[in-house]
Amino acid sequence: MGDTIRRDIFDRIREKKTHLDEMRPLPTDSVKKLREELRLLHTYHSNAIEGNTLTLSETKLILEEGITIGGKSLKEHLEMTNTAEAYDYIERLTESRKPLTNEVVQEVHGMVSKGILEDAGKYRTTNVRITGAAKTPPSYMKVPKLMGELLEDIKKSTHDPVTTAALLHHGIVAVHPFVDGNGRVARLITNLHLMQYGYLPVVLRKEDRKKYYETLRKADLGDTTAFINFVAKSVAESLNLYFSLLGGDDELLPLRELAKGSPYGQEYLSLLARRGVLDAVKINGVWHATRRALKKHIPKKGR
């Protein structure tokens, strides 16, 4: 890790991953709470990126209470329940350590697209064009071969797991093996790879949709650095989310709250967060950070 991942992000991931490994076996209650949180967030944001209009609270009601939301389509409901089911499946795959194959990719798509697409779980048999994409996806006749080569390259990768996960994600969307649902499948398979290497699953957030697509387009043109760093930052944020559940100095707080305990104002902390100097994450449009991050990354007054 580190050849393409920014040094500050790399250092944060390494420090947090080491801390996470030192804590294993993780507290059962914390793991259960985190799993439910990440499952909900992944399901909501992955579908919201694709245009699903259900809110986070509505998604929570659908998944936990089985409630149908008035005024929302059956398709939108199915997208949420299907994605959650596929998320559960990749968790089981992680535990069984089943290798990533073409069959696994197709099974994930089958779950995501169940009741929505006629060709759920099947590689496409027609050519497609993507509006705004830098490149046209390859011919459908090349899909099985290209997917096989991609998965073999991932298996032999000498990159760190985070970089490899990002390359896997881009590889899937570049091949575009399915008529629809490629983004949802790529995000799930990315998490499968990360979890198989002891990382937490990441949540690629709706608020970052523009940057997500911009960095993917750059990757299409041959420069994968921005997308790798986009994924790496999400890895660091997922680790933050786990530690925040433990409370204390690792609790995620809005910067307005964090500023009260420091010699700095909220606007200055927000500037540092935007620049990446402060280890922070934006949740529902609001920057959050921890007291530990503040102590580490902000120089003491008088220096």
# chains A, B, ... in the order shown; residues from 1 in each chain; ligands from 1

call {"tool": "closest_atom_pairs", "arguments": {"of": "segment 83-150 of chain A", "to": "segment 212-232 of chain A", "cutoff": "12 Å", "atoms": "only C-alpha atoms", "output": "JSON lines"}}
result
{"residue": "A:Ile130", "atom": "CA", "partner": "A:Arg217", "partner_atom": "CA", "distance": 11.6}
{"residue": "A:Thr131", "atom": "CA", "partner": "A:Arg217", "partner_atom": "CA", "distance": 11.8}
{"residue": "A:Gly132", "atom": "CA", "partner": "A:Arg217", "partner_atom": "CA", "distance": 9.0}
{"residue": "A:Ala133", "atom": "CA", "partner": "A:Arg217", "partner_atom": "CA", "distance": 6.6}
{"residue": "A:Ala134", "atom": "CA", "partner": "A:Arg217", "partner_atom": "CA", "distance": 5.9}
{"residue": "A:Lys135", "atom": "CA", "partner": "A:Asp220", "partner_atom": "CA", "distance": 6.6}
{"residue": "A:Thr136", "atom": "CA", "partner": "A:Asp220", "partner_atom": "CA", "distance": 9.7}
{"residue": "A:Pro137", "atom": "CA", "partner": "A:Asp220", "partner_atom": "CA", "distance": 10.2}

call {"tool": "write_last_selection", "arguments": {"atoms": "N, CA and C atoms", "output": "tab-separated table (two decimals), in the first residue's frame"}}
result
chain	number	residue	atom	x	y	z
A	130	ILE	N	-23.16	3.71	-22.65
A	130	ILE	CA	-23.43	4.40	-21.39
A	130	ILE	C	-23.30	5.90	-21.62
A	131	THR	N	-24.37	6.62	-21.38
A	131	THR	CA	-24.36	8.07	-21.58
A	131	THR	C	-23.34	8.74	-20.66
A	132	GLY	N	-22.46	9.55	-21.26
A	132	GLY	CA	-21.47	10.28	-20.48
A	132	GLY	C	-20.21	9.52	-20.14
A	133	ALA	N	-20.15	8.23	-20.51
A	133	ALA	CA	-18.97	7.42	-20.20
A	133	ALA	C	-17.82	7.79	-21.13
A	134	ALA	N	-16.59	7.66	-20.62
A	134	ALA	CA	-15.41	7.98	-21.43
A	134	ALA	C	-15.16	6.91	-22.48
A	135	LYS	N	-15.61	5.70	-22.23
A	135	LYS	CA	-15.39	4.59	-23.16
A	135	LYS	C	-16.66	3.77	-23.31
A	136	THR	N	-16.82	3.18	-24.47
A	136	THR	CA	-17.94	2.27	-24.70
A	136	THR	C	-17.57	0.89	-24.17
A	137	PRO	N	-18.45	0.24	-23.41
A	137	PRO	CA	-18.15	-1.11	-22.91
A	137	PRO	C	-17.85	-2.07	-24.05

call {"tool": "residues_around", "arguments": {"residues": "His288 of chain A", "least_positions_apart": "2", "cutoff": "9 Å", "atoms": "only C-alpha atoms", "output": "number ranges by chain"}}
result
A: 252-256, 258, 273, 279-283, 286, 290

call {"tool": "write_last_selection", "arguments": {"atoms": "C-alpha atoms", "output": "compact mmCIF listing (two decimals), in the first residue's frame"}}
result
# COMPACT_ATOMS: atom_id res chain seq x y z
CA LEU A 252 -17.64 10.83 15.90
CA LEU A 253 -18.89 14.32 16.70
CA PRO A 254 -20.11 17.17 14.50
CA LEU A 255 -17.36 19.77 14.11
CA ARG A 256 -19.54 22.36 15.88
CA LEU A 258 -15.76 19.30 18.56
CA ALA A 273 -11.51 18.61 7.03
CA ASP A 279 -9.33 12.99 9.68
CA ALA A 280 -13.05 13.67 9.19
CA VAL A 281 -16.10 12.23 7.46
CA LYS A 282 -19.16 13.99 6.08
CA ILE A 283 -22.42 12.43 7.32
CA VAL A 286 -22.22 17.58 8.09
CA THR A 290 -13.14 12.51 16.73

call {"tool": "atom_distance", "arguments": {"atom1": "atom CA of Ser73 of chain A", "atom2": "atom CA of Tyr123 of chain A"}}
result
26.1 Å

call {"tool": "residues_around", "arguments": {"residues": "Leu74 of chain A", "least_positions_apart": "5", "cutoff": "10 Å", "atoms": "only C-alpha atoms", "output": "number ranges by chain"}}
result
A: 68-69, 79, 115-116

call {"tool": "write_last_selection", "arguments": {"atoms": "C-alpha atoms", "output": "mmCIF file, in the first residue's frame"}}
result
data_model
loop_
_atom_site.group_PDB
_atom_site.id
_atom_site.type_symbol
_atom_site.label_atom_id
_atom_site.label_comp_id
_atom_site.auth_asym_id
_atom_site.auth_seq_id
_atom_site.Cartn_x
_atom_site.Cartn_y
_atom_site.Cartn_z
ATOM 1 C CA THR A 68 -44.277 -0.736 2.441
ATOM 2 C CA ILE A 69 -43.783 2.986 1.847
ATOM 3 C CA GLU A 79 -33.929 -2.673 -4.994
ATOM 4 C CA GLY A 115 -37.901 -9.573 -9.754
ATOM 5 C CA ILE A 116 -36.543 -6.512 -11.592
#

call {"tool": "select_by_dssp", "arguments": {"residues": "segment 75-301 of chain A", "states": "helix (DSSP H, G or I)", "output": "PyMOL selection string"}}
result
chain A and resi 75-96+102-113+140-156+161-175+182-196+206-220+225-245+248-250+255-260+266-275+291-297

call {"tool": "closest_atom_pairs", "arguments": {"of": "segment 126-165 of chain A", "to": "segment 4-14 of chain A", "cutoff": "12 Å", "atoms": "only C-alpha atoms", "output": "tab-separated table"}}
result
residue	atom	partner	partner_atom	distance
A:His159	CA	A:Thr4	CA	9.8
A:Asp160	CA	A:Ile5	CA	10.0
A:Pro161	CA	A:Ile13	CA	11.4
A:Val162	CA	A:Ile5	CA	9.0
A:Thr163	CA	A:Ile5	CA	7.7
A:Thr164	CA	A:Thr4	CA	11.2

call {"tool": "closest_residue", "arguments": {"among": "A:His176, A:Leu200, A:Thr81, A:Ser46", "to": "Leu63 of chain A", "atoms": "only C-alpha atoms"}}
result
A:Thr81

call {"tool": "decode", "arguments": {"residues": "segment 29-80 of chain A", "atoms": "C-alpha atoms", "output": "CSV table (one decimal), in the first residue's frame"}}
result
chain,number,residue,atom,x,y,z
A,29,ASP,CA,-22.4,-6.3,20.7
A,30,SER,CA,-20.3,-3.8,18.9
A,31,VAL,CA,-19.9,-6.1,15.9
A,32,LYS,CA,-23.6,-6.7,15.7
A,33,LYS,CA,-24.4,-3.0,15.9
A,34,LEU,CA,-21.8,-2.1,13.3
A,35,ARG,CA,-23.0,-4.9,10.9
A,36,GLU,CA,-26.5,-3.6,11.1
A,37,GLU,CA,-25.4,0.0,10.6
A,38,LEU,CA,-23.2,-0.8,7.6
A,39,ARG,CA,-25.8,-3.1,6.0
A,40,LEU,CA,-28.3,-0.3,6.2
A,41,LEU,CA,-26.0,2.4,5.0
A,42,HIS,CA,-24.6,0.3,2.1
A,43,THR,CA,-28.1,-0.6,0.9
A,44,TYR,CA,-29.4,2.9,1.1
A,45,HIS,CA,-26.4,4.7,-0.5
A,46,SER,CA,-25.7,2.1,-3.2
A,47,ASN,CA,-29.3,2.4,-4.4
A,48,ALA,CA,-29.5,6.2,-3.9
A,49,ILE,CA,-26.4,6.6,-6.2
A,50,GLU,CA,-28.5,4.9,-8.9
A,51,GLY,CA,-31.5,7.2,-8.4
A,52,ASN,CA,-33.6,5.3,-5.9
A,53,THR,CA,-35.7,7.9,-4.1
A,54,LEU,CA,-36.4,6.1,-0.8
A,55,THR,CA,-34.9,7.9,2.2
A,56,LEU,CA,-32.6,6.4,4.8
A,57,SER,CA,-35.3,6.2,7.4
A,58,GLU,CA,-37.7,4.6,4.8
A,59,THR,CA,-35.0,2.1,3.9
A,60,LYS,CA,-34.6,1.2,7.6
A,61,LEU,CA,-38.4,0.7,8.0
A,62,ILE,CA,-38.5,-1.6,4.9
A,63,LEU,CA,-35.5,-3.7,6.0
A,64,GLU,CA,-36.3,-4.0,9.7
A,65,GLU,CA,-40.1,-3.8,9.8
A,66,GLY,CA,-41.1,-5.0,6.3
A,67,ILE,CA,-43.2,-1.9,5.9
A,68,THR,CA,-44.3,-0.7,2.4
A,69,ILE,CA,-43.8,3.0,1.8
A,70,GLY,CA,-46.8,4.7,0.2
A,71,GLY,CA,-46.1,6.5,-3.0
A,72,LYS,CA,-42.9,4.5,-3.8
A,73,SER,CA,-42.7,1.9,-6.6
A,74,LEU,CA,-42.4,-1.8,-6.2
A,75,LYS,CA,-39.1,-1.6,-8.1
A,76,GLU,CA,-37.6,0.8,-5.5
A,77,HIS,CA,-38.7,-1.5,-2.7
A,78,LEU,CA,-37.2,-4.5,-4.4
A,79,GLU,CA,-33.9,-2.7,-5.0
A,80,MET,CA,-33.6,-2.2,-1.2
